[in-house]
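Engineer: This is the content of start.pdb (PDB, C-alpha atoms, pLDDT in the B column):
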ATOM      1  CA  MET B  22      19.522 107.285  62.444  1.00 85.00           C
ATOM      2  CA  ASN B  23      19.804 107.940  58.732  1.00 90.00           C
ATOM      3  CA  LYS B  24      18.419 105.641  56.036  1.00 91.00           C
ATOM      4  CA  ILE B  25      21.183 104.978  53.474  1.00 91.00           C
ATOM      5  CA  GLN B  26      22.130 102.434  50.802  1.00 92.00           C
ATOM      6  CA  CYS B  27      24.473 100.025  52.610  1.00 91.00           C
ATOM      7  CA  GLU B  28      27.204 100.209  49.969  1.00 90.00           C
ATOM      8  CA  GLU B  29      27.533 103.956  50.621  1.00 92.00           C
ATOM      9  CA  ILE B  30      28.594 103.416  54.242  1.00 92.00           C
ATOM     10  CA  ASN B  31      32.206 102.872  55.257  1.00 93.00           C
ATOM     11  CA  LEU B  32      31.777  99.837  57.509  1.00 91.00           C
ATOM     12  CA  LYS B  33      35.357  98.573  57.253  1.00 92.00           C
ATOM     13  CA  ARG B  34      36.517  99.843  60.668  1.00 91.00           C
ATOM     14  CA  LEU B  35      33.353  98.639  62.429  1.00 90.00           C
ATOM     15  CA  MET B  36      33.660  95.180  60.840  1.00 90.00           C
ATOM     16  CA  ASN B  37      37.418  94.834  61.316  1.00 91.00           C
ATOM     17  CA  THR B  38      37.279  95.917  64.952  1.00 91.00           C
ATOM     18  CA  ASN B  39      34.421  93.508  65.719  1.00 89.00           C
ATOM     19  CA  PRO B  40      34.738  90.610  63.244  1.00 88.00           C
ATOM     20  CA  LEU B  41      32.810  87.992  65.225  1.00 86.00           C
ATOM     21  CA  GLU B  42      30.045  90.278  66.451  1.00 89.00           C
ATOM     22  CA  THR B  43      29.415  91.473  62.890  1.00 91.00           C
ATOM     23  CA  LEU B  44      29.603  88.051  61.215  1.00 89.00           C
ATOM     24  CA  SER B  45      25.896  87.983  60.313  1.00 90.00           C
ATOM     25  CA  ILE B  46      26.070  91.536  58.990  1.00 93.00           C
ATOM     26  CA  GLN B  47      29.108  90.713  56.880  1.00 92.00           C
ATOM     27  CA  TYR B  48      27.269  87.715  55.425  1.00 91.00           C
ATOM     28  CA  ILE B  49      24.071  89.589  54.586  1.00 93.00           C
ATOM     29  CA  LEU B  50      25.985  92.493  53.025  1.00 93.00           C
ATOM     30  CA  LYS B  51      28.055  90.131  50.891  1.00 92.00           C
ATOM     31  CA  ASN B  52      25.126  88.026  49.704  1.00 93.00           C
ATOM     32  CA  LYS B  53      22.198  90.425  49.322  1.00 92.00           C
ATOM     33  CA  PRO B  54      22.577  93.417  47.006  1.00 86.00           C
ATOM     34  CA  LYS B  55      21.005  96.836  47.412  1.00 88.00           C
ATOM     35  CA  LEU B  56      20.146  96.645  51.091  1.00 92.00           C
ATOM     36  CA  ILE B  57      19.034  99.678  53.052  1.00 91.00           C
ATOM     37  CA  CYS B  58      20.949 100.450  56.234  1.00 93.00           C
ATOM     38  CA  TYR B  59      20.234 102.726  59.127  1.00 93.00           C
ATOM     39  CA  THR B  60      23.250 104.331  60.742  1.00 93.00           C
ATOM     40  CA  ASP B  61      24.467 107.491  62.425  1.00 92.00           C
ATOM     41  CA  SER B  62      27.346 108.298  60.058  1.00 93.00           C
ATOM     42  CA  ILE B  63      28.454 107.342  56.539  1.00 93.00           C
ATOM     43  CA  ASP B  64      32.170 107.705  57.295  1.00 94.00           C
ATOM     44  CA  HIS B  65      32.460 106.684  60.969  1.00 92.00           C
ATOM     45  CA  PRO B  66      29.375 104.687  61.982  1.00 93.00           C
ATOM     46  CA  LYS B  67      28.980 103.780  65.642  1.00 92.00           C
ATOM     47  CA  GLY B  68      26.477 101.109  64.697  1.00 93.00           C
ATOM     48  CA  ILE B  69      24.334  99.729  61.923  1.00 94.00           C
ATOM     49  CA  LEU B  70      20.872  98.301  61.387  1.00 94.00           C
ATOM     50  CA  ILE B  71      20.008  96.371  58.238  1.00 94.00           C
ATOM     51  CA  GLN B  72      16.534  95.222  57.299  1.00 90.00           C
ATOM     52  CA  SER B  73      16.210  92.267  54.959  1.00 89.00           C
ATOM     53  CA  GLY B  74      12.545  91.397  54.716  1.00 87.00           C
ATOM     54  CA  TYR B  75      11.214  90.483  58.162  1.00 87.00           C
ATOM     55  CA  LEU B  76      14.688  90.095  59.659  1.00 91.00           C
ATOM     56  CA  HIS B  77      16.898  92.817  61.089  1.00 93.00           C
ATOM     57  CA  TYR B  78      20.649  92.585  61.563  1.00 94.00           C
ATOM     58  CA  THR B  79      22.291  95.037  63.884  1.00 93.00           C
ATOM     59  CA  PHE B  80      25.495  95.824  65.696  1.00 93.00           C
ATOM     60  CA  ALA B  81      26.658  98.646  67.944  1.00 93.00           C
ATOM     61  CA  LYS B  82      28.807  99.093  71.016  1.00 87.00           C
ATOM     62  CA  ASP B  83      27.586 102.666  71.532  1.00 89.00           C
ATOM     63  CA  LEU B  84      24.663 102.807  74.006  1.00 87.00           C
ATOM     64  CA  ALA B  85      23.227 105.962  72.434  1.00 90.00           C
ATOM     65  CA  PHE B  86      23.090 104.196  69.060  1.00 90.00           C
ATOM     66  CA  ILE B  87      21.381 101.179  70.639  1.00 90.00           C
ATOM     67  CA  GLU B  88      18.799 103.462  72.246  1.00 89.00           C
ATOM     68  CA  ASP B  89      18.117 105.062  68.832  1.00 89.00           C
ATOM     69  CA  LEU B  90      17.869 101.561  67.395  1.00 87.00           C
ATOM     70  CA  LEU B  91      15.243 100.544  69.952  1.00 89.00           C
ATOM     71  CA  ASN B  92      13.275 103.740  69.284  1.00 88.00           C
ATOM     72  CA  HIS B  93      13.274 102.815  65.573  1.00 86.00           C
ATOM     73  CA  PHE B  94      10.860  99.982  66.448  1.00 85.00           C
ATOM     74  CA  SER B  95       8.222 102.188  68.042  1.00 81.00           C
ATOM     75  CA  GLN B  96       5.489 101.279  65.534  1.00 83.00           C
ATOM     76  CA  PRO B  97       3.214  98.344  66.404  1.00 85.00           C
ATOM     77  CA  GLY B  98       4.141  95.178  64.572  1.00 85.00           C
ATOM     78  CA  GLU B  99       6.338  92.143  64.594  1.00 88.00           C
ATOM     79  CA  TYR B 100      10.063  92.447  64.067  1.00 89.00           C
ATOM     80  CA  GLY B 101      12.561  89.660  63.630  1.00 92.00           C
ATOM     81  CA  PHE B 102      16.234  89.815  64.511  1.00 92.00           C
ATOM     82  CA  ALA B 103      19.032  87.513  63.416  1.00 90.00           C
ATOM     83  CA  GLY B 104      22.634  87.122  64.459  1.00 88.00           C
ATOM     84  CA  ILE B 105      22.662  89.939  66.975  1.00 90.00           C
ATOM     85  CA  PRO B 106      25.062  90.156  69.925  1.00 89.00           C
ATOM     86  CA  ARG B 107      23.737  88.985  73.293  1.00 88.00           C
ATOM     87  CA  GLU B 108      24.010  92.485  74.811  1.00 89.00           C
ATOM     88  CA  ILE B 109      21.670  93.947  72.192  1.00 91.00           C
ATOM     89  CA  ALA B 110      19.310  90.957  72.413  1.00 90.00           C
ATOM     90  CA  THR B 111      19.038  91.493  76.174  1.00 91.00           C
ATOM     91  CA  LEU B 112      18.066  95.153  75.676  1.00 91.00           C
ATOM     92  CA  ILE B 113      15.488  94.209  73.025  1.00 90.00           C
ATOM     93  CA  ARG B 114      13.972  91.569  75.325  1.00 90.00           C
ATOM     94  CA  ALA B 115      13.740  94.098  78.153  1.00 92.00           C
ATOM     95  CA  ARG B 116      11.659  96.484  76.048  1.00 89.00           C
ATOM     96  CA  PHE B 117       9.607  94.231  73.764  1.00 89.00           C
ATOM     97  CA  GLU B 118       7.572  91.050  74.045  1.00 88.00           C
ATOM     98  CA  VAL B 119       9.473  88.077  72.653  1.00 89.00           C
ATOM     99  CA  GLU B 120       7.490  85.541  70.661  1.00 89.00           C
ATOM    100  CA  TRP B 121      10.351  83.102  70.135  1.00 87.00           C
ATOM    101  CA  SER B 122      14.128  83.021  70.297  1.00 87.00           C
ATOM    102  CA  ASN B 123      16.918  80.706  69.302  1.00 86.00           C
ATOM    103  CA  PRO B 124      20.115  81.561  71.187  1.00 83.00           C
ATOM    104  CA  CYS B 125      23.302  80.681  69.351  1.00 82.00           C
ATOM    105  CA  THR B 126      26.960  80.900  70.266  1.00 76.00           C
ATOM    106  CA  ALA B 127      29.855  80.999  67.817  1.00 72.00           C
ATOM    107  CA  TYR B 128      33.247  79.711  68.890  1.00 73.00           C
ATOM    108  CA  THR B 129      36.503  80.548  67.173  1.00 76.00           C
ATOM    109  CA  LEU B 130      40.149  79.756  67.555  1.00 76.00           C
ATOM    110  CA  ASN B 131      42.821  82.204  66.518  1.00 80.00           C
ATOM    111  CA  LYS B 132      45.207  80.789  63.948  1.00 83.00           C
ATOM    112  CA  ASP B 133      48.182  81.479  66.241  1.00 87.00           C
ATOM    113  CA  ASP B 134      46.568  79.446  69.042  1.00 85.00           C
ATOM    114  CA  TYR B 135      46.100  76.327  66.906  1.00 82.00           C
ATOM    115  CA  HIS B 136      48.682  73.650  67.766  1.00 84.00           C
ATOM    116  CA  PRO B 137      47.905  70.362  65.984  1.00 81.00           C
ATOM    117  CA  GLU B 138      50.747  68.606  67.799  1.00 85.00           C
ATOM    118  CA  ARG B 139      48.847  69.087  71.096  1.00 85.00           C
ATOM    119  CA  GLN B 140      45.624  67.497  69.860  1.00 83.00           C
ATOM    120  CA  ILE B 141      44.211  64.624  71.846  1.00 87.00           C
ATOM    121  CA  HIS B 142      41.418  63.942  69.342  1.00 85.00           C
ATOM    122  CA  LYS B 143      41.941  63.917  65.593  1.00 81.00           C
ATOM    123  CA  THR B 144      40.202  66.740  63.753  1.00 78.00           C
ATOM    124  CA  LYS B 145      39.483  67.339  60.087  1.00 80.00           C
ATOM    125  CA  PRO B 146      38.855  70.563  58.174  1.00 79.00           C
ATOM    126  CA  LEU B 147      35.237  71.708  58.006  1.00 77.00           C
ATOM    127  CA  ARG B 148      33.443  71.210  54.714  1.00 78.00           C
ATOM    128  CA  LEU B 149      30.206  72.534  53.288  1.00 70.00           C
TER     129      LEU B 149
END
Could I get this structure in the form of structure tokens?

Structural biologist:
Amino acid sequence: MNKIQCEEINLKRLMNTNPLETLSIQYILKNKPKLICYTDSIDHPKGILIQSGYLHYTFAKDLAFIEDLLNHFSQPGEYGFAGIPREIATLIRARFEVEWSNPCTAYTLNKDDYHPERQIHKTKPLRL
């Protein structure tokens, strides 16, 4: 994996192809400037790892990239992860001791599948 300024990496395809799985990464990239990323390619990344303080955000579908990712944490220490897909979390748990975890699931509904006329219970738009 190469260490690169995140804004130098073309992550559009990776994010657009996997919008839900990369939600945490999209958030951190949008809201924290000048982050350092680890990836395999600037133009066509198969995965990404971002460190923001103690926390790490990562996404990859490529098993070779995930293996490189796990090897990145070979030094003794404590590492935190946030918003990572279940498949990657399972591989991390298999290799490292887990101090604590907080599983979370995000649910979405495609705009085309929303039919308000079929609602049994009244809903309102979400607000901050």

Engineer: What lies within 7 Å of range 30-45 of chain B using all atoms listed in the file, ignoring chain neighbours under 2 positions off, as a count of residues only?

Structural biologist: 11

Engineer: Report as an mmCIF file with C-alpha atoms, in the frame of the given file the residues that result from applying the PyMOL selection byres ((chain B and resi 112-121) around 10) to the structure here.

Structural biologist:
data_model
loop_
_atom_site.group_PDB
_atom_site.id
_atom_site.type_symbol
_atom_site.label_atom_id
_atom_site.label_comp_id
_atom_site.auth_asym_id
_atom_site.auth_seq_id
_atom_site.Cartn_x
_atom_site.Cartn_y
_atom_site.Cartn_z
ATOM 1 C CA ILE B 87 21.381 101.179 70.639
ATOM 2 C CA GLU B 88 18.799 103.462 72.246
ATOM 3 C CA LEU B 90 17.869 101.561 67.395
ATOM 4 C CA LEU B 91 15.243 100.544 69.952
ATOM 5 C CA PHE B 94 10.860 99.982 66.448
ATOM 6 C CA SER B 95 8.222 102.188 68.042
ATOM 7 C CA GLU B 99 6.338 92.143 64.594
ATOM 8 C CA TYR B 100 10.063 92.447 64.067
ATOM 9 C CA GLY B 101 12.561 89.660 63.630
ATOM 10 C CA PHE B 102 16.234 89.815 64.511
ATOM 11 C CA ARG B 107 23.737 88.985 73.293
ATOM 12 C CA GLU B 108 24.010 92.485 74.811
ATOM 13 C CA ILE B 109 21.670 93.947 72.192
ATOM 14 C CA ALA B 110 19.310 90.957 72.413
ATOM 15 C CA THR B 111 19.038 91.493 76.174
ATOM 16 C CA SER B 122 14.128 83.021 70.297
ATOM 17 C CA ASN B 123 16.918 80.706 69.302
ATOM 18 C CA PRO B 124 20.115 81.561 71.187
#

Engineer: Quick one: pull the distance between CA of Thr129 in chain B and CA of Gly74 in chain B, Å, one decimal.

Structural biologist: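 Separation between CA of Thr129 in chain B and CA of Gly74 in chain B: 29.1 Å.
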
Engineer: Please, what distance in Å, to one decimal, runs between CA of Cys58 in chain B and CA of Lys24 in chain B?

Structural biologist: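 Rounded to one decimal, the two atoms are 5.8 Å apart.
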
Engineer: Could you please determine the separation between CA of Pro66 in chain B and CA of Asn23 in chain B in Å, to one decimal place?

Structural biologist: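 Straight-line distance from CA of Pro66 in chain B to CA of Asn23 in chain B works out to 10.6 Å.
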
Engineer: Name the residues that the PyMOL selection byres ((chain B and resi 81-83) around 7) picks from the file above, as a list in words, using the file's chain letters and numbers.

Structural biologist: Lys67, Gly68, Ile69, Thr79, Phe80, Leu84, Ala85, Phe86 and Ile87 of chain B

Engineer: Can you sort out the box for range 78-83 of chain B, edges along x, y and z, all listed atoms in, 8 Å on every side, with centre and edge lengths in Å to one decimal, as JSON?

Structural biologist:
{"center_x": 24.7, "center_y": 97.6, "center_z": 66.5, "size_x": 24.2, "size_y": 26.1, "size_z": 26.0}

Engineer: Would you mind telling me which residue in B:Ile25, B:Ile46, B:Ile105, B:Leu76 lies nearest to Thr60 in chain B when using all atoms listed in the file?

Structural biologist: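 Smallest separation from Thr60 in chain B among the options: B:Ile25.
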